[in-house]
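J.: Got a structure for you, final_22.tsv, holding TSV, C-alpha atoms.
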```
chain	number	residue	atom	x	y	z
A	21	MET	CA	6.76	-24.89	-8.16
A	22	SER	CA	4.37	-23.74	-5.42
A	23	SER	CA	6.23	-20.41	-5.09
A	24	MET	CA	5.90	-19.81	-8.83
A	25	LEU	CA	2.18	-20.55	-8.57
A	26	LEU	CA	1.81	-17.97	-5.82
A	27	PHE	CA	3.75	-15.35	-7.81
A	28	ARG	CA	1.62	-15.94	-10.90
A	29	ALA	CA	-1.68	-15.79	-9.03
A	30	LEU	CA	-0.76	-12.65	-7.12
A	31	GLY	CA	0.68	-11.18	-10.29
A	32	VAL	CA	-2.66	-11.63	-12.04
A	33	LEU	CA	-4.44	-9.85	-9.20
A	34	LEU	CA	-1.97	-6.97	-9.11
A	35	ALA	CA	-2.16	-6.61	-12.88
A	36	ARG	CA	-5.90	-5.96	-12.54
A	37	PRO	CA	-5.87	-2.51	-10.93
A	38	ALA	CA	-9.64	-2.10	-10.75
A	39	ILE	CA	-9.95	-4.85	-8.16
A	40	ALA	CA	-9.10	-4.06	-4.57
A	41	SER	CA	-6.88	-6.38	-2.60
A	42	GLU	CA	-8.03	-8.54	0.28
A	43	ASN	CA	-6.72	-5.78	2.55
A	44	GLY	CA	-9.59	-3.62	1.35
A	45	LEU	CA	-12.00	-5.70	3.41
A	46	LEU	CA	-10.27	-4.62	6.62
A	47	TYR	CA	-11.03	-0.91	6.46
A	48	VAL	CA	-13.45	1.92	5.91
A	49	CYS	CA	-13.00	5.66	6.27
A	50	ASP	CA	-14.02	7.02	9.67
A	51	THR	CA	-17.37	8.56	8.74
A	52	THR	CA	-17.32	11.09	11.58
A	53	ARG	CA	-13.98	12.56	10.57
A	54	LEU	CA	-14.82	12.24	6.89
A	55	SER	CA	-17.78	14.51	7.59
A	56	SER	CA	-16.07	16.92	9.99
A	57	GLU	CA	-12.61	17.17	8.36
A	58	ASN	CA	-13.26	15.92	4.82
A	59	LEU	CA	-10.33	13.53	5.23
A	60	CYS	CA	-10.26	9.72	5.18
A	61	TYR	CA	-8.85	8.24	8.39
A	62	PHE	CA	-8.80	4.45	8.17
A	63	VAL	CA	-10.68	2.51	10.85
A	64	ALA	CA	-11.60	-1.15	11.12
A	65	SER	CA	-14.53	-2.45	9.09
A	66	SER	CA	-17.26	-4.54	10.71
A	67	THR	CA	-15.55	-7.72	9.43
A	68	ASN	CA	-12.05	-6.77	10.58
A	69	THR	CA	-10.78	-9.18	13.26
A	70	VAL	CA	-7.14	-8.03	13.30
A	71	GLY	CA	-7.49	-4.38	14.30
A	72	THR	CA	-5.85	-1.34	12.76
A	73	ALA	CA	-2.46	0.14	13.59
A	74	PRO	CA	0.34	1.98	11.78
A	75	HIS	CA	3.67	0.25	11.16
A	76	ASN	CA	5.56	2.86	13.22
A	77	VAL	CA	8.95	1.89	11.80
A	78	ASP	CA	11.85	2.15	14.25
A	79	LEU	CA	15.20	2.17	12.45
A	80	SER	CA	17.07	1.96	15.74
A	81	VAL	CA	16.27	-1.76	16.10
A	82	GLY	CA	19.42	-2.56	14.14
A	83	ALA	CA	21.98	-1.46	11.59
A	84	THR	CA	20.88	-1.09	7.97
A	85	ASP	CA	21.60	-4.73	7.10
A	86	MET	CA	20.47	-6.05	10.48
A	87	ARG	CA	16.78	-5.24	10.15
A	88	LYS	CA	14.05	-7.52	8.78
A	89	ILE	CA	10.26	-7.59	8.40
A	90	VAL	CA	8.07	-10.04	10.30
A	91	ASN	CA	4.32	-10.55	10.17
A	92	SER	CA	1.86	-10.57	13.06
A	93	GLN	CA	2.88	-14.16	13.89
A	94	GLY	CA	6.55	-13.20	14.06
A	95	GLN	CA	7.39	-15.03	10.82
A	96	ASP	CA	10.07	-13.55	8.54
A	97	LEU	CA	8.76	-12.05	5.31
A	98	ALA	CA	10.51	-13.05	2.10
A	99	VAL	CA	10.52	-11.13	-1.19
A	100	THR	CA	7.03	-11.62	-2.65
A	101	PRO	CA	4.41	-9.49	-4.43
A	102	LYS	CA	2.02	-9.91	-1.50
A	103	PRO	CA	0.98	-6.49	-0.09
A	104	TRP	CA	2.17	-5.49	3.36
A	105	THR	CA	-0.66	-5.53	5.86
A	106	GLU	CA	-1.66	-5.28	9.51
A	107	GLY	CA	0.97	-6.62	11.91
A	108	ASP	CA	3.93	-6.39	9.52
A	109	VAL	CA	6.72	-4.73	11.48
A	110	LEU	CA	10.44	-3.97	11.31
A	111	VAL	CA	12.53	-5.87	13.88
A	112	ALA	CA	16.17	-6.71	14.56
A	113	SER	CA	17.74	-9.53	12.56
A	114	SER	CA	20.30	-11.89	14.08
A	115	THR	CA	22.04	-12.25	10.71
A	116	ALA	CA	23.02	-9.70	8.09
A	117	LEU	CA	20.73	-9.28	5.08
A	118	THR	CA	22.08	-8.95	1.55
A	119	GLY	CA	20.88	-8.58	-2.03
A	120	ASP	CA	17.19	-8.57	-2.86
A	121	LEU	CA	16.06	-9.30	0.70
A	122	LEU	CA	17.95	-6.27	2.00
A	123	ASN	CA	16.41	-4.10	-0.72
A	124	TYR	CA	12.96	-5.52	0.06
A	125	VAL	CA	13.36	-4.34	3.66
A	126	LYS	CA	14.53	-0.93	2.43
A	127	ALA	CA	11.40	-0.71	0.28
A	128	PHE	CA	9.33	-1.34	3.40
A	129	GLU	CA	11.24	1.39	5.24
A	130	MET	CA	10.17	3.80	2.49
A	131	ILE	CA	6.58	2.65	1.96
A	132	ALA	CA	5.64	2.07	5.62
A	133	PRO	CA	5.72	5.77	6.64
A	134	LEU	CA	3.83	6.68	3.46
A	135	ARG	CA	1.25	4.02	4.31
A	136	ASP	CA	0.99	5.24	7.91
A	137	ALA	CA	0.39	8.81	6.76
A	138	MET	CA	-2.09	8.05	3.98
A	139	MET	CA	-4.12	5.63	6.06
A	140	TYR	CA	-3.94	6.89	9.64
A	141	ASN	CA	-2.79	10.51	9.57
A	142	PRO	CA	-3.70	12.04	6.19
A	143	SER	CA	-3.27	15.62	7.40
A	144	PHE	CA	0.42	14.80	7.94
A	145	VAL	CA	0.81	15.08	4.16
A	146	THR	CA	-2.30	16.93	2.93
A	147	THR	CA	-1.12	20.04	4.80
A	148	ASP	CA	2.55	19.59	3.92
A	149	ALA	CA	3.37	19.30	0.23
A	150	THR	CA	7.09	19.10	1.02
A	151	MET	CA	6.58	16.03	3.20
A	152	TRP	CA	4.39	14.45	0.53
A	153	ALA	CA	7.10	15.03	-2.07
A	154	LYS	CA	9.72	13.47	0.22
A	155	LEU	CA	7.64	10.36	0.96
A	156	THR	CA	6.79	9.82	-2.71
A	157	LYS	CA	10.24	10.70	-4.10
A	158	PRO	CA	11.33	7.03	-4.47
A	159	LEU	CA	8.22	6.36	-6.55
A	160	ALA	CA	8.70	9.47	-8.68
A	161	ASP	CA	12.40	8.80	-9.27
A	162	CYS	CA	11.68	5.20	-10.29
A	163	GLN	CA	8.81	6.16	-12.65
A	164	VAL	CA	6.19	4.53	-10.45
A	165	LYS	CA	2.64	5.92	-10.33
A	166	THR	CA	3.50	8.86	-12.56
A	167	ALA	CA	-0.03	9.47	-13.88
A	168	ASP	CA	-3.68	8.53	-13.50
A	169	THR	CA	-4.96	5.77	-15.74
A	170	THR	CA	-8.35	4.13	-16.17
A	171	ALA	CA	-9.50	0.54	-16.04
A	172	THR	CA	-12.78	-0.94	-17.23
A	173	HIS	CA	-14.49	-4.00	-15.80
A	174	GLY	CA	-17.78	-4.79	-17.44
A	175	THR	CA	-19.66	-1.52	-17.71
A	176	VAL	CA	-17.70	0.20	-14.93
A	177	THR	CA	-14.77	2.48	-15.70
A	178	MET	CA	-12.69	3.62	-12.77
A	179	THR	CA	-9.68	5.79	-12.13
A	180	VAL	CA	-6.40	4.17	-11.11
A	181	TYR	CA	-4.66	7.06	-9.40
A	182	GLY	CA	-1.10	8.22	-9.87
A	183	THR	CA	0.76	10.25	-7.25
A	184	ASP	CA	-0.70	13.66	-8.14
A	185	GLY	CA	-4.20	12.25	-8.56
A	186	ILE	CA	-4.31	10.41	-5.24
A	187	TYR	CA	-2.91	13.46	-3.45
A	188	ALA	CA	-5.69	15.63	-4.85
A	189	LEU	CA	-8.27	13.00	-3.88
A	190	MET	CA	-6.90	12.75	-0.34
A	191	LYS	CA	-7.07	16.51	0.09
A	192	ASN	CA	-10.69	16.57	-1.04
A	193	PRO	CA	-12.52	13.23	-0.98
A	194	ASN	CA	-15.76	15.24	-1.08
A	195	GLY	CA	-17.24	13.19	1.76
A	196	VAL	CA	-16.75	9.89	-0.10
A	197	ASP	CA	-15.06	6.77	1.31
A	198	ILE	CA	-11.84	6.55	-0.72
A	199	HIS	CA	-10.03	3.82	1.20
A	200	HIS	CA	-9.97	1.41	-1.76
A	201	SER	CA	-8.29	4.01	-3.97
A	202	VAL	CA	-5.71	4.80	-1.28
A	203	LEU	CA	-4.91	1.11	-0.74
A	204	GLN	CA	-4.68	0.50	-4.47
A	205	TYR	CA	-2.15	3.30	-4.85
A	206	LEU	CA	-0.08	2.05	-1.91
A	207	GLU	CA	-0.09	-1.61	-2.89
A	208	GLU	CA	0.58	-1.14	-6.59
A	209	GLY	CA	3.19	1.52	-5.87
A	210	ALA	CA	4.92	-0.79	-3.38
A	211	ILE	CA	5.09	-3.80	-5.69
A	212	ASP	CA	6.33	-1.67	-8.60
A	213	LEU	CA	9.05	-0.23	-6.36
A	214	VAL	CA	10.04	-3.73	-5.19
A	215	CYS	CA	10.17	-4.82	-8.84
A	216	GLN	CA	12.56	-1.96	-9.53
A	217	MET	CA	14.75	-2.75	-6.52
A	218	THR	CA	15.07	-6.51	-7.00
A	219	THR	CA	15.94	-8.99	-9.73
A	220	SER	CA	14.59	-12.24	-8.29
A	221	LEU	CA	10.92	-11.22	-8.40
A	222	THR	CA	9.56	-12.34	-11.77
A	223	MET	CA	6.05	-11.43	-12.90
A	224	ASP	CA	4.48	-9.52	-15.78
A	225	ARG	CA	4.08	-6.40	-13.66
A	226	CYS	CA	7.81	-6.38	-12.92
A	227	THR	CA	8.63	-6.81	-16.61
A	228	THR	CA	6.47	-3.80	-17.44
A	229	GLN	CA	7.97	-1.68	-14.66
A	230	ARG	CA	11.59	-2.51	-15.49
A	231	ALA	CA	10.98	-1.78	-19.18
A	232	LEU	CA	10.34	1.88	-18.32
A	233	GLY	CA	14.10	2.28	-18.12
A	234	ALA	CA	14.63	3.75	-14.66
A	235	ALA	CA	18.08	3.10	-13.21
A	236	SER	CA	18.36	0.15	-10.84
A	237	ASN	CA	19.42	2.54	-8.07
A	238	CYS	CA	16.71	5.12	-8.84
A	239	TRP	CA	15.31	4.76	-5.32
A	240	GLU	CA	18.51	5.50	-3.39
A	241	ALA	CA	18.25	9.31	-3.22
A	242	GLY	CA	14.67	9.04	-1.98
A	243	TYR	CA	15.61	6.38	0.56
A	244	ASN	CA	18.46	8.46	1.93
A	245	ALA	CA	16.22	11.52	2.24
A	246	ILE	CA	13.53	9.56	4.08
A	247	ILE	CA	15.74	7.79	6.61
A	248	ALA	CA	17.62	11.03	7.33
A	249	ASP	CA	14.43	12.75	8.53
A	250	PRO	CA	13.17	11.35	11.86
A	251	THR	CA	9.86	13.22	11.52
A	252	VAL	CA	8.98	10.91	8.62
A	253	TYR	CA	8.54	8.03	11.02
A	254	THR	CA	6.07	9.94	13.20
A	255	ALA	CA	3.47	9.77	10.42
A	256	GLY	CA	1.47	7.10	12.23
A	257	THR	CA	0.74	9.09	15.37
A	258	ALA	CA	-2.88	9.91	14.49
A	259	SER	CA	-5.43	8.73	17.02
A	260	THR	CA	-7.16	5.79	15.36
A	261	GLY	CA	-7.07	2.80	17.70
A	262	ASN	CA	-8.63	-0.55	16.87
A	263	THR	CA	-12.07	0.90	16.29
A	264	THR	CA	-14.89	-0.23	14.04
A	265	SER	CA	-16.90	2.15	11.92
A	266	THR	CA	-20.60	2.09	12.68
A	267	SER	CA	-21.87	3.35	9.35
A	268	SER	CA	-20.52	2.31	5.97
A	269	ALA	CA	-18.67	-0.80	7.17
A	270	GLY	CA	-21.41	-3.09	5.96
A	271	SER	CA	-21.94	-1.45	2.60
A	272	THR	CA	-21.51	-3.51	-0.54
A	273	SER	CA	-19.81	-0.92	-2.69
A	274	THR	CA	-17.68	2.19	-2.51
A	275	THR	CA	-17.76	4.93	-5.09
A	276	SER	CA	-15.55	7.93	-5.65
A	277	THR	CA	-15.25	10.53	-8.37
A	278	SER	CA	-12.45	12.52	-9.90
A	279	GLY	CA	-13.55	14.91	-12.62
A	280	ASP	CA	-15.91	13.06	-14.94
A	281	THR	CA	-14.54	9.62	-14.10
A	282	SER	CA	-16.48	7.37	-11.74
A	283	ALA	CA	-14.86	4.73	-9.59
A	284	MET	CA	-16.60	1.72	-8.09
A	285	ILE	CA	-15.23	-1.29	-6.30
A	286	SER	CA	-17.87	-3.83	-5.35
A	287	SER	CA	-17.73	-6.23	-2.44
A	288	ALA	CA	-18.02	-9.06	-4.96
A	289	GLY	CA	-14.79	-7.91	-6.62
A	290	VAL	CA	-12.97	-7.73	-3.31
A	291	ALA	CA	-14.35	-11.10	-2.27
A	292	SER	CA	-13.06	-12.68	-5.48
A	293	VAL	CA	-9.54	-11.62	-4.50
A	294	ALA	CA	-9.98	-13.27	-1.11
A	295	VAL	CA	-11.25	-16.49	-2.68
A	296	ILE	CA	-8.37	-16.71	-5.17
A	297	THR	CA	-5.80	-15.91	-2.49
A	298	GLN	CA	-7.17	-18.64	-0.23
A	299	ALA	CA	-7.11	-21.12	-3.12
A	300	VAL	CA	-3.46	-20.35	-3.82
A	301	LEU	CA	-2.55	-20.78	-0.16
A	302	LEU	CA	-4.32	-24.15	-0.08
A	303	LEU	CA	-2.39	-25.30	-3.14
A	304	MET	CA	0.85	-24.31	-1.43
A	305	SER	CA	0.06	-26.17	1.79
```
Spit out the file's structure as structure tokens when you get a sec.

T.:
Amino acid sequence: MSSMLLFRALGVLLARPAIASENGLLYVCDTTRLSSENLCYFVASSTNTVGTAPHNVDLSVGATDMRKIVNSQGQDLAVTPKPWTEGDVLVASSTALTGDLLNYVKAFEMIAPLRDAMMYNPSFVTTDATMWAKLTKPLADCQVKTADTTATHGTVTMTVYGTDGIYALMKNPNGVDIHHSVLQYLEEGAIDLVCQMTTSLTMDRCTTQRALGAASNCWEAGYNAIIADPTVYTAGTASTGNTTSTSSAGSTSTTSTSGDTSAMISSAGVASVAVITQAVLLLMS
């Protein structure tokens, strides 16, 4: 019963694309590099106590079915809609994985290098359209994040970026902190891909994704292309460190624009996600 409660609560949050996840509180764009390079390199916010680091996936830790994901405390991660975050890493498993859990790990092996590039080494993809296409192929083939959409909360209408839209924004953020939009793309894209790759995860978002009609193995060609290219897993080599931004970290809102559409994510909206998440965890304890 407690697991179902967690799925429903997280499902509600993920179904509301205009609200950033709790992960959004951990980061800001490095203002120095945003100014000098017009690219968003993620660094720790002033409230971040866990640091920042890429996943740096190492497939050599084990055979395909002998790899698992653990969190920063070394605890095994099960199939859930909870976004991957700091400290989640691929390690060797002492037992073979099968079914949905194996596919969940494979999803991580596809999304982790994309996350590393978009967050910590954006030039890895902004200067290489072929690499971007390779890293996003599983999403494209599974009909995930195919187009920009909009979401309205109160009087604020914001863009929820698809693959082409977020790529354009990454290449030219126009000096604006876009870390919420990047995280939103990564987290929603990841959960939609996991929905497509598993059957045990049940939530409204999964129902919507599966109804699009993509084949259950739509991700396999993209997965094979990614794991066959060792350069993919060097995406997280940008110099970021566990630094804290000294400028916009304490700001209460982040805005970005794409065409005539404004985007705003307030600290109150992000905080509400944190409060709900904590309440769910308390109910499960």

J.: Please provide the set of residues having any atom within 10 Å of Val145 of chain A, restricted to only C-alpha atoms, with same-chain residues fewer than 2 positions apart removed, written as a PyMOL selection string.

T.: chain A and resi 134+137-138+141-143+147-155+187+190-191+255

J.: Which value, in Å to one decimal, gives the distance between atom CA of Ser66 of chain A and atom CA of Ala132 of chain A?

T.: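 About the pair atom CA of Ser66 of chain A and atom CA of Ala132 of chain A: they are 24.4 Å apart.
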
J.: Which residue out of A:Ile186, A:Val81, A:Val99, A:Ala235 has the minimum interatomic distance to Gly119 of chain A when all atoms listed in the file are used?

T.: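 For Gly119 of chain A, the nearest of the candidates is A:Val99.
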
J.: Using all atoms listed in the file, give me every residue within 9 Å of (-11.1, -2.3, 7.8) in file coordinates, as a short mmCIF file (atom, residue, chain, number, x, y, z; two decimals) with C-alpha atoms, keeping the file's coordinate frame.

T.:
```cif
data_model
loop_
_atom_site.label_atom_id
_atom_site.label_comp_id
_atom_site.auth_asym_id
_atom_site.auth_seq_id
_atom_site.Cartn_x
_atom_site.Cartn_y
_atom_site.Cartn_z
CA ASN A 43 -6.72 -5.78 2.55
CA GLY A 44 -9.59 -3.62 1.35
CA LEU A 45 -12.00 -5.70 3.41
CA LEU A 46 -10.27 -4.62 6.62
CA TYR A 47 -11.03 -0.91 6.46
CA VAL A 48 -13.45 1.92 5.91
CA CYS A 49 -13.00 5.66 6.27
CA PHE A 62 -8.80 4.45 8.17
CA VAL A 63 -10.68 2.51 10.85
CA ALA A 64 -11.60 -1.15 11.12
CA SER A 65 -14.53 -2.45 9.09
CA SER A 66 -17.26 -4.54 10.71
CA THR A 67 -15.55 -7.72 9.43
CA ASN A 68 -12.05 -6.77 10.58
CA THR A 69 -10.78 -9.18 13.26
CA VAL A 70 -7.14 -8.03 13.30
CA GLY A 71 -7.49 -4.38 14.30
CA THR A 72 -5.85 -1.34 12.76
CA THR A 264 -14.89 -0.23 14.04
CA SER A 265 -16.90 2.15 11.92
CA ALA A 269 -18.67 -0.80 7.17
#
```

J.: Report the distance between atom CA of Asn192 of chain A and atom CA of Arg135 of chain A in Å, rounded to one decimal place.

T.: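 Interatomic distance, atom CA of Asn192 of chain A to atom CA of Arg135 of chain A: 18.1 Å.
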
J.: Please measure the separation of atom CA of Asn58 of chain A and atom CA of Val196 of chain A, giving the value in Å to one decimal.

T.: 8.5 Å

J.: For the point (1.0, 5.1, -13.2) in the file's frame, write as a tab-separated table (two decimals) with C-alpha atoms, keeping the file's coordinate frame all residues with an atom no more than 8 Å away, counting only C-alpha atoms.

T.:
```tsv
chain	number	residue	atom	x	y	z
A	163	GLN	CA	8.81	6.16	-12.65
A	164	VAL	CA	6.19	4.53	-10.45
A	165	LYS	CA	2.64	5.92	-10.33
A	166	THR	CA	3.50	8.86	-12.56
A	167	ALA	CA	-0.03	9.47	-13.88
A	168	ASP	CA	-3.68	8.53	-13.50
A	169	THR	CA	-4.96	5.77	-15.74
A	180	VAL	CA	-6.40	4.17	-11.11
A	181	TYR	CA	-4.66	7.06	-9.40
A	182	GLY	CA	-1.10	8.22	-9.87
A	183	THR	CA	0.76	10.25	-7.25
```

J.: From the list A:Thr170, A:Thr51, A:Ser80, A:Thr115, which residue is nearest Ile247 of chain A when using only C-alpha atoms?

T.: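 Of all the options, A:Ser80 lies closest to Ile247 of chain A.
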
J.: Excluding Val214 of chain A and residues on its chain fewer than 6 positions from it, collect all residues at most 8 Å away from it, counting all atoms listed in the file, and give them as a PDB file with C-alpha atoms, in the coordinates of the input.

T.:
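As a result, result-v9.pdb now contains:
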```pdb
ATOM      1  CA  ASN A 123      16.410  -4.100  -0.720  1.00  0.00           C
ATOM      2  CA  TYR A 124      12.960  -5.520   0.060  1.00  0.00           C
ATOM      3  CA  ALA A 127      11.400  -0.710   0.280  1.00  0.00           C
TER       4      ALA A 127
END
```

J.: Which residue, A:Ile198, A:Leu122, A:Val77, A:Val252, has the smallest gap to Leu54 of chain A when you use all atoms listed in the file?

T.: A:Ile198

J.: Excluding Gly82 of chain A and any residue of its chain fewer than 3 positions from it, enumerate the residues within 10 Å of it, using only C-alpha atoms, and give them as a ChimeraX atom specification.

T.: /A:78-79,85-88,110-114

J.: Could you check which of A:Thr257, A:Ser55, A:Ser220, A:Gln204 is closest to Pro133 of chain A, using all atoms listed in the file?

T.: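 Closest residue, counting all atoms listed in the file: A:Thr257.
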
J.: Which of these, A:Met223, A:Arg53, A:Tyr61, A:Ala241, has the shortest distance to Tyr140 of chain A once you count all atoms listed in the file?

T.: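 Closest to Tyr140 of chain A of all the choices is A:Tyr61.
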
J.: Taking only C-alpha atoms into account, which of A:Thr100, A:Thr175, A:Thr105, A:Thr156 comes nearest Gly242 of chain A?

T.: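 Residue with the minimum atom-to-atom distance to Gly242 of chain A: A:Thr156.
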
J.: Could you give me segment 164-183 of chain A completed to N, CA and C atoms, formatted as a PDB file, in the coordinates of the input?

T.:
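File result_8.pdb, as written:
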```
ATOM      1  N   VAL A 164       7.313   5.300 -10.985  1.00  0.00           N
ATOM      2  CA  VAL A 164       6.190   4.530 -10.450  1.00  0.00           C
ATOM      3  C   VAL A 164       5.035   5.485 -10.156  1.00  0.00           C
ATOM      4  N   LYS A 165       3.846   5.126 -10.594  1.00  0.00           N
ATOM      5  CA  LYS A 165       2.640   5.920 -10.330  1.00  0.00           C
ATOM      6  C   LYS A 165       2.789   7.359 -10.809  1.00  0.00           C
ATOM      7  N   THR A 166       3.232   7.522 -12.038  1.00  0.00           N
ATOM      8  CA  THR A 166       3.500   8.860 -12.560  1.00  0.00           C
ATOM      9  C   THR A 166       2.253   9.574 -13.071  1.00  0.00           C
ATOM     10  N   ALA A 167       1.167   8.840 -13.333  1.00  0.00           N
ATOM     11  CA  ALA A 167      -0.030   9.470 -13.880  1.00  0.00           C
ATOM     12  C   ALA A 167      -1.257   8.627 -13.581  1.00  0.00           C
ATOM     13  N   ASP A 168      -2.422   9.262 -13.617  1.00  0.00           N
ATOM     14  CA  ASP A 168      -3.680   8.530 -13.500  1.00  0.00           C
ATOM     15  C   ASP A 168      -3.902   7.716 -14.770  1.00  0.00           C
ATOM     16  N   THR A 169      -4.518   6.557 -14.602  1.00  0.00           N
ATOM     17  CA  THR A 169      -4.960   5.770 -15.740  1.00  0.00           C
ATOM     18  C   THR A 169      -6.400   5.346 -15.468  1.00  0.00           C
ATOM     19  N   THR A 170      -7.007   4.650 -16.394  1.00  0.00           N
ATOM     20  CA  THR A 170      -8.350   4.130 -16.170  1.00  0.00           C
ATOM     21  C   THR A 170      -8.371   2.636 -16.438  1.00  0.00           C
ATOM     22  N   ALA A 171      -9.309   1.972 -15.831  1.00  0.00           N
ATOM     23  CA  ALA A 171      -9.500   0.540 -16.040  1.00  0.00           C
ATOM     24  C   ALA A 171     -10.989   0.272 -16.139  1.00  0.00           C
ATOM     25  N   THR A 172     -11.369  -0.622 -17.024  1.00  0.00           N
ATOM     26  CA  THR A 172     -12.780  -0.940 -17.230  1.00  0.00           C
ATOM     27  C   THR A 172     -13.030  -2.403 -16.915  1.00  0.00           C
ATOM     28  N   HIS A 173     -14.042  -2.646 -16.110  1.00  0.00           N
ATOM     29  CA  HIS A 173     -14.490  -4.000 -15.800  1.00  0.00           C
ATOM     30  C   HIS A 173     -15.986  -4.052 -16.038  1.00  0.00           C
ATOM     31  N   GLY A 174     -16.374  -4.781 -17.064  1.00  0.00           N
ATOM     32  CA  GLY A 174     -17.780  -4.790 -17.440  1.00  0.00           C
ATOM     33  C   GLY A 174     -18.188  -3.422 -17.944  1.00  0.00           C
ATOM     34  N   THR A 175     -19.180  -2.843 -17.308  1.00  0.00           N
ATOM     35  CA  THR A 175     -19.660  -1.520 -17.710  1.00  0.00           C
ATOM     36  C   THR A 175     -19.109  -0.416 -16.823  1.00  0.00           C
ATOM     37  N   VAL A 176     -18.225  -0.777 -15.891  1.00  0.00           N
ATOM     38  CA  VAL A 176     -17.700   0.200 -14.930  1.00  0.00           C
ATOM     39  C   VAL A 176     -16.290   0.622 -15.322  1.00  0.00           C
ATOM     40  N   THR A 177     -16.091   1.920 -15.465  1.00  0.00           N
ATOM     41  CA  THR A 177     -14.770   2.480 -15.700  1.00  0.00           C
ATOM     42  C   THR A 177     -14.344   3.254 -14.467  1.00  0.00           C
ATOM     43  N   MET A 178     -13.145   2.971 -13.987  1.00  0.00           N
ATOM     44  CA  MET A 178     -12.690   3.620 -12.770  1.00  0.00           C
ATOM     45  C   MET A 178     -11.304   4.208 -12.960  1.00  0.00           C
ATOM     46  N   THR A 179     -10.984   5.161 -12.102  1.00  0.00           N
ATOM     47  CA  THR A 179      -9.680   5.790 -12.130  1.00  0.00           C
ATOM     48  C   THR A 179      -8.693   5.002 -11.286  1.00  0.00           C
ATOM     49  N   VAL A 180      -7.517   4.753 -11.842  1.00  0.00           N
ATOM     50  CA  VAL A 180      -6.400   4.170 -11.110  1.00  0.00           C
ATOM     51  C   VAL A 180      -5.422   5.326 -10.896  1.00  0.00           C
ATOM     52  N   TYR A 181      -5.318   5.788  -9.666  1.00  0.00           N
ATOM     53  CA  TYR A 181      -4.660   7.060  -9.400  1.00  0.00           C
ATOM     54  C   TYR A 181      -3.140   6.975  -9.400  1.00  0.00           C
ATOM     55  N   GLY A 182      -2.521   7.996 -10.002  1.00  0.00           N
ATOM     56  CA  GLY A 182      -1.100   8.220  -9.870  1.00  0.00           C
ATOM     57  C   GLY A 182      -0.850   9.095  -8.649  1.00  0.00           C
ATOM     58  N   THR A 183       0.393   9.513  -8.463  1.00  0.00           N
ATOM     59  CA  THR A 183       0.760  10.250  -7.250  1.00  0.00           C
ATOM     60  C   THR A 183       0.026  11.587  -7.147  1.00  0.00           C
TER      61      THR A 183
END
```
